[in-house]
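J.: Below are the structure tokens for one structure; questions will follow.
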Amino acid sequence: MTRVPRRDHSIAAPDQAILDLVVFLAGFAFLIHEVVWNRLLSLVLGATVTAATLVLAVFMAGFGVGATVWGRVADRTRRPWALLAYLLLGLGALGALAYVLAGALLPRLAPTAAHAGAALLLGVPSFLMGGLFPLAGRLAAAGRGSLAPALGRLYALETLGSALGGLAAGFVLLGALGQNLTLALAVAVDLALGAWLLVTRRSVESPEAAVASPSSPALASFALSGTARTVALVAAFACGFATLALQVVWMRMFRIYLTNTSYTFALIASMAILGLYLGSAFFRRRAERLAAPGKSLLRALLLLAATALLGLLLLTRLPETLMFPFQEASGHAFVRILLLPLVASLLIVVPPAACSGYAFPLACSLAASGNRGTGRGAVGRDIGSVLAINTAGCVLGPVVAAFVLIPALGAAVAIVAVVTVPVAAAWYVGRRTGAPARSRHTLLAVLVLLLAVAIWRPQIRILPPSFGRFDREVLFYDETVEGTVTVGRDRDTRSQALYTYVNNSAVIGSSYDAVKVVKMVGHFPFLVRPELRDVLVIGFGIGVTTSAIAAHPEVRSITCVELVPGLKEAATHYRELNRDVVADPRLTIVQGDGRRRLQASAQKYDLISCDPTHPVLGSGNLYTREYFELCRSRLNPGGLVSQYLPLHKLRAAELMGLIATFHDVFPDCAVWLGHYHAVLLGSTAPLRADFGEWSARAAALGQDPTFYGDPYHLAATLVLDGAAISRLGAGARLNTDDRSYTEFFAPGCLDEANLSANLRFLQERRVGVGAVFDGIPDAALMARFVEGNRLLTESLIRQTGGDPRGGLQALQQAVRANPEDQEYPFLIRMAR
């Protein structure tokens, strides 16, 4: 017996509940897809603003094309539920396939081919995602109720699901499940929803024409006036452009003010989507009572611009208004990582996003309501067109903001330039809807004033909070695509110390220990093995590590990959530390992502040196097993890797995990202690050093006030060798690209007591220098240097533990135990 399809020419309450649930869960899964794809492509294309912006642009472009295509298909199908099911099933299956192919193929391709491949692979799932809202709108249009509140409800549910999906991915799923299983969860949601709809709703038909009753009389009348569609498209473009462009600029400014962690920016991005939800929810409540929809759309655009400008005023004074007054509370990790970004987002990000969230469903209603009662049945097409135009703005906005406005105008003035778009759209809406001439002239005057400010380009510097707290003088300031570089100096102080930041991350500390450890990263490979000719340095900074490498005459070439180009010029302020290494003819500085450089090039090196920022502050992908494997594959036989290892912002478990991860790839390795920091040194050959040759090469370095080069002193900094790490690291959790506990770290990592605890951890597990060195001529002298270093470490433990007096006493004991070491008297003079 042949089954006759059910004909249901209205969307009943059960169907509405099903549609609401599908839209909410699909939005939840969509954001997980986007977050995971963004992270995957940062690993294979590079963790750059350029790559991230291009990924976003491609994602939104595919979304917009999908909205256009599927919107038209939705109007022609008599079984929209079945089509929705197939879309979700396709998204799950093809999204998973594209993800696997991207991870397997893109790292092997040249940069241009990799970006093209990423666009093609990412375009598939985003194209399918673009069909959800037009198809859901088509189903809602078949109901007896009003279209506008139905669209408001659907958009609210989608954005709410997206906000929760972003929060879940950033705060829970990626850390707990890893990247692969997180994507698998999103795929499972898509497939489960698609299968459920296919089983339960496949045979349900809806009419080809939308016949539900119109919304408010004013909305229906305006929609049929002939101007509604054009006005809706202009407003949709302006909202998309402004919202995404503002997010790019906000993120840049927040990176300068706030702690740079994955949690901080997952929260800010989710708050932007939450703003869209609040605006659409408010529209849903007002849709039936709209008396003047054209005026309402105009007001939403103006409010978007006004709240963005008010947010700018707050952003320029954020440290003084929000951070300094609560300085004591901001010492707590929860306040610094979550509460401050949450409050800042609620004040700055949410209001403009809410205005956009109100304007978008209103624009969709204006475009689609013109068909109500005409029998044309083009609701899906019209909603798809509005979504496509909105998405075009979403594509163009971040590209213009990142590559044009911020480098040309600076972040603050870039916001002024961005808001000219919604103001111009408001003027156009007013002109087409018959707003009073006086209002239109006022809007035009405001637009001209904003354009004049953007052209005038007043310099509004967005400085790290420490510059305002300690009244530092700005010596250099440069806003580039990849980050804002600031060089400052203390005013009216004896030290006149220099400070350099990329956004809010210190490039190098001004203290003796901070300079010493980066020179250890550069010098130690050559003290162990002199035959190192070709060197790759990942992260130029201000050139101290590179200058240490360049001090060795056997070096033939130094290729340095630096993400932020402004640092090369900033390095000129540190000539005493970096010996003007920029002028060294052996040095080539390449702008880009260091990890991507290793992936894209098969060139081999004798040494790969890396001194990145702290792994929990943005460089976690330079501390994973996959990164270390990539380094090993690019080394010549006998090659070495040297890498900075922080001891703060990590618990003992994470610290030992990073060391064990390094050892997993480089069994021949060692850990050296540089005061409050450490150095990882790994080799493709057995790591042994003849002390006589070590001493001769150390003596050849000459005198350096920031690097005490006594060979016994340097050898005594050894704390762990490969055999000790093998014993201690048994059972340690390795840090991987899939599950990175440095990127998705436990709150306890930010405990200030971790530094002293990690120093104690290494102190108690110290190995003898014989684990690496042969031929030590004076064993008694070496024993005194080792004891002196042990007492120095004890001094540091006491100082970081809140006992400066005990720290000084331990340092004085080090002088008595090891009078040959001239660093200890120097440190005592500094302490006093």
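In the structure tokens, each chain is lettered A, B, ... as it comes, each chain's residues begin at 1, and ligands are numbered from 1 in order of appearance.
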Skip Leu88 of chain A itself and residues of its chain fewer than 6 positions away, then list as a JSON list (two decimals) with C-alpha atoms, in the first residue's frame all residues within 7 Å of it, counting only C-alpha atoms.
T.:
```json
[["chain", "number", "residue", "atom", "x", "y", "z"],
["A", 190, "ASP", "CA", 23.91, 17.75, 13.09],
["A", 191, "LEU", "CA", 23.49, 14.11, 12.14],
["A", 193, "LEU", "CA", 18.91, 16.37, 14.14],
["A", 194, "GLY", "CA", 18.91, 15.48, 10.45]]
```
J.: Can you pull out every residue within 9 Å of Arg595 of chain A, counting only C-alpha atoms, but drop anything in the same chain fewer than 6 positions away, and send it as a short mmCIF file (atom, residue, chain, number, x, y, z; two decimals) with N, CA and C atoms, in the first residue's frame?
T.:
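Contents of around-v5.cif, freshly written:
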```cif
data_model
loop_
_atom_site.label_atom_id
_atom_site.label_comp_id
_atom_site.auth_asym_id
_atom_site.auth_seq_id
_atom_site.Cartn_x
_atom_site.Cartn_y
_atom_site.Cartn_z
N LEU A 43 46.41 26.42 13.21
CA LEU A 43 47.53 25.49 13.30
C LEU A 43 48.14 25.20 11.93
N VAL A 44 47.33 25.16 10.90
CA VAL A 44 47.85 24.77 9.58
C VAL A 44 48.13 25.97 8.67
N LEU A 45 47.51 27.11 8.94
CA LEU A 45 47.78 28.31 8.13
C LEU A 45 48.61 29.35 8.88
N GLY A 46 48.69 29.21 10.20
CA GLY A 46 49.42 30.17 11.01
C GLY A 46 48.49 30.94 11.92
N ALA A 47 48.97 31.19 13.13
CA ALA A 47 48.17 31.91 14.12
C ALA A 47 48.33 33.41 13.93
N ILE A 538 62.63 31.53 15.73
CA ILE A 538 61.19 31.79 15.70
C ILE A 538 60.88 32.83 16.77
N ASN A 621 50.66 26.84 20.75
CA ASN A 621 50.94 25.92 19.64
C ASN A 621 52.44 25.75 19.38
N LEU A 622 53.29 26.48 20.13
CA LEU A 622 54.73 26.30 20.04
C LEU A 622 55.27 25.44 21.18
N TYR A 627 54.43 20.37 17.27
CA TYR A 627 55.39 21.42 16.93
C TYR A 627 56.82 20.92 17.11
N LEU A 630 57.72 18.74 14.31
CA LEU A 630 57.98 19.54 13.12
C LEU A 630 59.40 20.10 13.16
N CYS A 631 59.82 20.57 14.33
CA CYS A 631 61.19 21.08 14.48
C CYS A 631 62.21 19.98 14.19
#
```
J.: May I have the residues within 12 Å of segment 497-499 of chain A as a PDB file with N, CA and C atoms, in the first residue's frame, using only C-alpha atoms and disregarding those fewer than 6 positions away in the same chain?
T.:
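Ended up saving to selection-v5.pdb:
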```pdb
ATOM      1  N   LEU A 463      47.339  52.175  25.008  1.00  0.00           N
ATOM      2  CA  LEU A 463      48.560  51.697  25.642  1.00  0.00           C
ATOM      3  C   LEU A 463      48.272  50.609  26.666  1.00  0.00           C
ATOM      4  N   PRO A 464      49.225  49.696  26.886  1.00  0.00           N
ATOM      5  CA  PRO A 464      49.066  48.708  27.957  1.00  0.00           C
ATOM      6  C   PRO A 464      48.819  49.406  29.295  1.00  0.00           C
ATOM      7  N   SER A 466      49.986  49.192  32.186  1.00  0.00           N
ATOM      8  CA  SER A 466      51.143  49.556  33.012  1.00  0.00           C
ATOM      9  C   SER A 466      51.686  50.934  32.658  1.00  0.00           C
ATOM     10  N   PHE A 467      51.460  51.399  31.436  1.00  0.00           N
ATOM     11  CA  PHE A 467      51.954  52.721  31.052  1.00  0.00           C
ATOM     12  C   PHE A 467      51.234  53.815  31.825  1.00  0.00           C
ATOM     13  N   PHE A 470      52.198  53.428  35.857  1.00  0.00           N
ATOM     14  CA  PHE A 470      53.544  53.829  36.280  1.00  0.00           C
ATOM     15  C   PHE A 470      54.071  55.056  35.538  1.00  0.00           C
ATOM     16  N   ARG A 472      54.712  55.909  32.285  1.00  0.00           N
ATOM     17  CA  ARG A 472      55.844  55.637  31.414  1.00  0.00           C
ATOM     18  C   ARG A 472      55.799  56.511  30.165  1.00  0.00           C
ATOM     19  N   GLU A 473      56.957  56.891  29.711  1.00  0.00           N
ATOM     20  CA  GLU A 473      57.094  57.675  28.487  1.00  0.00           C
ATOM     21  C   GLU A 473      57.072  56.746  27.275  1.00  0.00           C
ATOM     22  N   VAL A 474      56.315  57.102  26.251  1.00  0.00           N
ATOM     23  CA  VAL A 474      56.223  56.293  25.036  1.00  0.00           C
ATOM     24  C   VAL A 474      57.336  56.705  24.075  1.00  0.00           C
ATOM     25  N   LEU A 475      58.190  55.748  23.732  1.00  0.00           N
ATOM     26  CA  LEU A 475      59.288  55.997  22.802  1.00  0.00           C
ATOM     27  C   LEU A 475      58.959  55.561  21.380  1.00  0.00           C
ATOM     28  N   PHE A 476      58.108  54.561  21.265  1.00  0.00           N
ATOM     29  CA  PHE A 476      57.766  54.029  19.940  1.00  0.00           C
ATOM     30  C   PHE A 476      56.378  53.423  20.027  1.00  0.00           C
ATOM     31  N   TYR A 477      55.571  53.657  18.974  1.00  0.00           N
ATOM     32  CA  TYR A 477      54.197  53.138  18.956  1.00  0.00           C
ATOM     33  C   TYR A 477      53.831  52.854  17.510  1.00  0.00           C
ATOM     34  N   VAL A 485      52.605  47.505  18.733  1.00  0.00           N
ATOM     35  CA  VAL A 485      53.916  47.482  19.378  1.00  0.00           C
ATOM     36  C   VAL A 485      54.118  48.786  20.130  1.00  0.00           C
ATOM     37  N   THR A 486      54.480  48.678  21.391  1.00  0.00           N
ATOM     38  CA  THR A 486      54.727  49.857  22.219  1.00  0.00           C
ATOM     39  C   THR A 486      56.045  49.700  22.949  1.00  0.00           C
ATOM     40  N   VAL A 487      56.892  50.720  22.857  1.00  0.00           N
ATOM     41  CA  VAL A 487      58.142  50.771  23.622  1.00  0.00           C
ATOM     42  C   VAL A 487      58.047  51.959  24.567  1.00  0.00           C
ATOM     43  N   GLY A 488      58.309  51.718  25.837  1.00  0.00           N
ATOM     44  CA  GLY A 488      58.222  52.794  26.821  1.00  0.00           C
ATOM     45  C   GLY A 488      59.405  52.784  27.767  1.00  0.00           C
ATOM     46  N   ARG A 489      59.496  53.881  28.535  1.00  0.00           N
ATOM     47  CA  ARG A 489      60.592  54.025  29.495  1.00  0.00           C
ATOM     48  C   ARG A 489      60.052  54.709  30.744  1.00  0.00           C
ATOM     49  N   ASP A 490      60.534  54.260  31.886  1.00  0.00           N
ATOM     50  CA  ASP A 490      60.138  54.885  33.150  1.00  0.00           C
ATOM     51  C   ASP A 490      60.562  56.345  33.169  1.00  0.00           C
ATOM     52  N   ARG A 491      59.686  57.193  33.679  1.00  0.00           N
ATOM     53  CA  ARG A 491      60.014  58.600  33.838  1.00  0.00           C
ATOM     54  C   ARG A 491      60.620  58.828  35.222  1.00  0.00           C
ATOM     55  N   SER A 505      51.318  41.832  25.889  1.00  0.00           N
ATOM     56  CA  SER A 505      52.310  40.819  26.235  1.00  0.00           C
ATOM     57  C   SER A 505      53.700  41.442  26.179  1.00  0.00           C
ATOM     58  N   ALA A 506      54.422  41.354  27.295  1.00  0.00           N
ATOM     59  CA  ALA A 506      55.780  41.888  27.331  1.00  0.00           C
ATOM     60  C   ALA A 506      56.680  41.071  26.428  1.00  0.00           C
ATOM     61  N   VAL A 507      57.394  41.736  25.533  1.00  0.00           N
ATOM     62  CA  VAL A 507      58.307  41.040  24.627  1.00  0.00           C
ATOM     63  C   VAL A 507      59.543  40.582  25.377  1.00  0.00           C
ATOM     64  N   ILE A 508      60.030  41.427  26.253  1.00  0.00           N
ATOM     65  CA  ILE A 508      61.189  41.076  27.066  1.00  0.00           C
ATOM     66  C   ILE A 508      61.105  41.866  28.365  1.00  0.00           C
ATOM     67  N   GLY A 509      61.458  41.215  29.457  1.00  0.00           N
ATOM     68  CA  GLY A 509      61.499  41.925  30.721  1.00  0.00           C
ATOM     69  C   GLY A 509      62.753  42.778  30.813  1.00  0.00           C
ATOM     70  N   SER A 510      62.720  43.751  31.682  1.00  0.00           N
ATOM     71  CA  SER A 510      63.860  44.647  31.844  1.00  0.00           C
ATOM     72  C   SER A 510      64.812  44.177  32.931  1.00  0.00           C
ATOM     73  N   SER A 511      64.444  43.105  33.654  1.00  0.00           N
ATOM     74  CA  SER A 511      65.271  42.645  34.761  1.00  0.00           C
ATOM     75  C   SER A 511      66.458  41.825  34.245  1.00  0.00           C
ATOM     76  N   TYR A 512      67.459  41.687  35.099  1.00  0.00           N
ATOM     77  CA  TYR A 512      68.673  40.958  34.747  1.00  0.00           C
ATOM     78  C   TYR A 512      68.363  39.505  34.394  1.00  0.00           C
ATOM     79  N   ALA A 514      65.596  38.197  33.233  1.00  0.00           N
ATOM     80  CA  ALA A 514      64.853  38.051  31.976  1.00  0.00           C
ATOM     81  C   ALA A 514      65.785  38.151  30.776  1.00  0.00           C
ATOM     82  N   VAL A 515      66.771  39.059  30.854  1.00  0.00           N
ATOM     83  CA  VAL A 515      67.723  39.194  29.748  1.00  0.00           C
ATOM     84  C   VAL A 515      68.661  37.991  29.711  1.00  0.00           C
ATOM     85  N   GLY A 541      61.408  39.232  18.533  1.00  0.00           N
ATOM     86  CA  GLY A 541      61.294  40.073  19.731  1.00  0.00           C
ATOM     87  C   GLY A 541      62.020  41.377  19.514  1.00  0.00           C
ATOM     88  N   ILE A 542      62.931  41.697  20.427  1.00  0.00           N
ATOM     89  CA  ILE A 542      63.758  42.885  20.207  1.00  0.00           C
ATOM     90  C   ILE A 542      65.203  42.477  19.904  1.00  0.00           C
ATOM     91  N   ALA A 570      61.304  48.601  16.633  1.00  0.00           N
ATOM     92  CA  ALA A 570      61.387  48.753  18.092  1.00  0.00           C
ATOM     93  C   ALA A 570      62.735  48.301  18.620  1.00  0.00           C
ATOM     94  N   ALA A 571      63.354  47.338  17.937  1.00  0.00           N
ATOM     95  CA  ALA A 571      64.644  46.803  18.399  1.00  0.00           C
ATOM     96  C   ALA A 571      65.745  47.850  18.376  1.00  0.00           C
ATOM     97  N   THR A 572      65.589  48.916  17.612  1.00  0.00           N
ATOM     98  CA  THR A 572      66.626  49.949  17.565  1.00  0.00           C
ATOM     99  C   THR A 572      66.779  50.658  18.911  1.00  0.00           C
ATOM    100  N   HIS A 573      65.784  50.552  19.786  1.00  0.00           N
ATOM    101  CA  HIS A 573      65.881  51.157  21.109  1.00  0.00           C
ATOM    102  C   HIS A 573      66.666  50.281  22.084  1.00  0.00           C
ATOM    103  N   TYR A 574      67.077  49.106  21.643  1.00  0.00           N
ATOM    104  CA  TYR A 574      67.772  48.163  22.518  1.00  0.00           C
ATOM    105  C   TYR A 574      69.152  47.807  21.957  1.00  0.00           C
ATOM    106  N   ARG A 575      69.808  48.739  21.322  1.00  0.00           N
ATOM    107  CA  ARG A 575      71.086  48.426  20.685  1.00  0.00           C
ATOM    108  C   ARG A 575      72.132  47.928  21.679  1.00  0.00           C
ATOM    109  N   GLU A 576      72.080  48.409  22.928  1.00  0.00           N
ATOM    110  CA  GLU A 576      73.054  47.949  23.916  1.00  0.00           C
ATOM    111  C   GLU A 576      72.852  46.475  24.242  1.00  0.00           C
ATOM    112  N   LEU A 577      71.611  45.998  24.157  1.00  0.00           N
ATOM    113  CA  LEU A 577      71.333  44.602  24.460  1.00  0.00           C
ATOM    114  C   LEU A 577      71.480  43.706  23.238  1.00  0.00           C
TER     115      LEU A 577
END
```
J.: Name all residues at most 12 Å from Trp250 of chain A (count only C-alpha atoms; drop same-chain ones fewer than 6 positions away) and give them as a PyMOL selection string.
T.: chain A and resi 242-244+256-258+265+268-269+272+308-309+311-312+314-316+341+344-345+348-350+352+398+401-402+406+410-415+418+462
J.: How far is it from atom CA of Gly543 of chain A to atom CA of Leu658 of chain A, in Å with one decimal?
T.: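 According to the coordinates, atom CA of Gly543 of chain A and atom CA of Leu658 of chain A are separated by 25.2 Å.
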